[in-house]
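K.L.:
Structure in structure tokens, see below.
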Amino acid sequence: MRRPSVYPYTNKMPPGVNVHNLRETKKWTLRELAKKCQPPLDHTTIRRLEYNEGYTQDSLERVASALGVTVVDLFSQKLKHGS
């Protein structure tokens with residue numbers, strides 16, 4: 001069972017908001033997305049990315065691939081969620 005986040009999600013800028021929304025659309029937890037990355041990432045890396053607190057090109061590429069989008073898509077203001 002998933003429990004609601006104790007942190008309010010307030011960041012409105014890509015790529016963090018896009019990663020968060022895509023992950024939520026797929027109903028994946030931070031840990032699930034982290035494990036789907038190849039090679040896997042730590043779930044704290046996904047959290048930092050979602051809050052735009054820091055990321056590398058490598059982590060962006062791995063997360064984008066796991067989510068089925070491109071790195072450029074993660075920075076798009078017009079990314080369609082749920083597709």
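Residues in the structure tokens are numbered from 1 in each chain, the chains being A, B, ... in the order shown, and ligands are numbered from 1 in the order shown.
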Can you tell me which residues surround Tyr55 of chain A at a distance of at most 10 Å, considering only C-alpha atoms, apart from same-chain residues fewer than 6 positions away, and format the answer as a ChimeraX atom specification?
P.N.:
/A:15-16,45-46,48-49
K.L.:
Hey, can you spit out that residue selection with N, CA, C and O atoms as a PDB file, in the first residue's frame?
P.N.:
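Once everything was written out, this is selection11.pdb:
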```
ATOM      1  N   PRO A  15      13.220  19.622 -14.976  1.00  0.00           N
ATOM      2  CA  PRO A  15      12.693  18.294 -15.264  1.00  0.00           C
ATOM      3  C   PRO A  15      12.003  17.636 -14.072  1.00  0.00           C
ATOM      4  O   PRO A  15      11.309  16.644 -14.234  1.00  0.00           O
ATOM      5  N   GLY A  16      12.174  18.187 -12.896  1.00  0.00           N
ATOM      6  CA  GLY A  16      11.638  17.546 -11.695  1.00  0.00           C
ATOM      7  C   GLY A  16      10.153  17.289 -11.746  1.00  0.00           C
ATOM      8  O   GLY A  16       9.688  16.191 -11.420  1.00  0.00           O
ATOM      9  N   THR A  45      18.398   9.630  -5.269  1.00  0.00           N
ATOM     10  CA  THR A  45      18.764  10.338  -6.501  1.00  0.00           C
ATOM     11  C   THR A  45      17.502  10.771  -7.241  1.00  0.00           C
ATOM     12  O   THR A  45      17.432  11.890  -7.758  1.00  0.00           O
ATOM     13  N   ILE A  46      16.500   9.905  -7.263  1.00  0.00           N
ATOM     14  CA  ILE A  46      15.228  10.238  -7.918  1.00  0.00           C
ATOM     15  C   ILE A  46      14.555  11.384  -7.165  1.00  0.00           C
ATOM     16  O   ILE A  46      14.051  12.329  -7.771  1.00  0.00           O
ATOM     17  N   ARG A  48      15.959  13.741  -5.330  1.00  0.00           N
ATOM     18  CA  ARG A  48      16.691  14.988  -5.603  1.00  0.00           C
ATOM     19  C   ARG A  48      16.371  15.504  -7.001  1.00  0.00           C
ATOM     20  O   ARG A  48      16.209  16.705  -7.193  1.00  0.00           O
ATOM     21  N   LEU A  49      16.252  14.601  -7.962  1.00  0.00           N
ATOM     22  CA  LEU A  49      15.915  15.013  -9.325  1.00  0.00           C
ATOM     23  C   LEU A  49      14.515  15.625  -9.352  1.00  0.00           C
ATOM     24  O   LEU A  49      14.304  16.680  -9.956  1.00  0.00           O
TER      25      LEU A  49
END
```
K.L.:
Would you please work out which residue, of A:Met13, A:Asn52, A:Leu22, A:Ala66, is nearest to Pro40 of chain A when using only C-alpha atoms?
P.N.:
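Looking at the shortest contact to Pro40 of chain A, the residue is A:Ala66.
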K.L.:
Segment 32-78 of chain A: which residues are helix (DSSP H, G or I) by DSSP, as an MDAnalysis selection string?
P.N.:
chainID A and resid 32:36 43:50 57:67 71:74
K.L.:
Only C-alpha atoms, please: the residues just picked out, written as a PDB file, in the first residue's frame.
P.N.:
```pdb
ATOM      1  CA  GLU A  32      10.469   1.349  -8.137  1.00  0.00           C
ATOM      2  CA  LEU A  33      11.649   3.972 -10.623  1.00  0.00           C
ATOM      3  CA  ALA A  34      15.171   3.798  -9.210  1.00  0.00           C
ATOM      4  CA  LYS A  35      15.241   0.002  -9.734  1.00  0.00           C
ATOM      5  CA  LYS A  36      13.940   0.314 -13.305  1.00  0.00           C
ATOM      6  CA  HIS A  43      15.891   6.276  -4.654  1.00  0.00           C
ATOM      7  CA  THR A  44      17.361   9.421  -3.078  1.00  0.00           C
ATOM      8  CA  THR A  45      18.764  10.338  -6.501  1.00  0.00           C
ATOM      9  CA  ILE A  46      15.228  10.238  -7.918  1.00  0.00           C
ATOM     10  CA  ARG A  47      13.952  12.397  -5.047  1.00  0.00           C
ATOM     11  CA  ARG A  48      16.691  14.988  -5.603  1.00  0.00           C
ATOM     12  CA  LEU A  49      15.915  15.013  -9.325  1.00  0.00           C
ATOM     13  CA  GLU A  50      12.173  15.502  -8.689  1.00  0.00           C
ATOM     14  CA  GLN A  57      23.452  13.908 -17.422  1.00  0.00           C
ATOM     15  CA  ASP A  58      23.890  10.216 -16.665  1.00  0.00           C
ATOM     16  CA  SER A  59      21.065  10.111 -14.109  1.00  0.00           C
ATOM     17  CA  LEU A  60      18.768  12.078 -16.444  1.00  0.00           C
ATOM     18  CA  GLU A  61      19.465   9.621 -19.272  1.00  0.00           C
ATOM     19  CA  ARG A  62      18.804   6.597 -17.065  1.00  0.00           C
ATOM     20  CA  VAL A  63      15.579   8.031 -15.641  1.00  0.00           C
ATOM     21  CA  ALA A  64      14.313   9.166 -19.046  1.00  0.00           C
ATOM     22  CA  SER A  65      14.956   5.712 -20.490  1.00  0.00           C
ATOM     23  CA  ALA A  66      13.138   4.014 -17.599  1.00  0.00           C
ATOM     24  CA  LEU A  67      10.168   6.369 -18.092  1.00  0.00           C
ATOM     25  CA  VAL A  71      16.030  13.736 -21.801  1.00  0.00           C
ATOM     26  CA  VAL A  72      14.773  16.651 -23.913  1.00  0.00           C
ATOM     27  CA  ASP A  73      11.203  15.597 -23.065  1.00  0.00           C
ATOM     28  CA  LEU A  74      11.986  15.909 -19.357  1.00  0.00           C
TER      29      LEU A  74
END
```
K.L.:
Name all residues at most 7 Å from Pro14 of chain A (count only C-alpha atoms; drop same-chain ones fewer than 5 positions away) and give them as a list in words.
P.N.:
Leu74, Phe75, Ser76 and Gln77 of chain A
K.L.:
What is the distance between atom CA of Thr56 of chain A and atom CA of Thr25 of chain A, in Å to one decimal?
P.N.:
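That distance, rounded to one decimal, is 23.5 Å.
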K.L.:
For Asp42 of chain A, which residue out of A:Asn18, A:Leu30, A:Gly68, A:Gly54 is the nearest one, using only C-alpha atoms?
P.N.:
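Nearest to Asp42 of chain A: A:Leu30.
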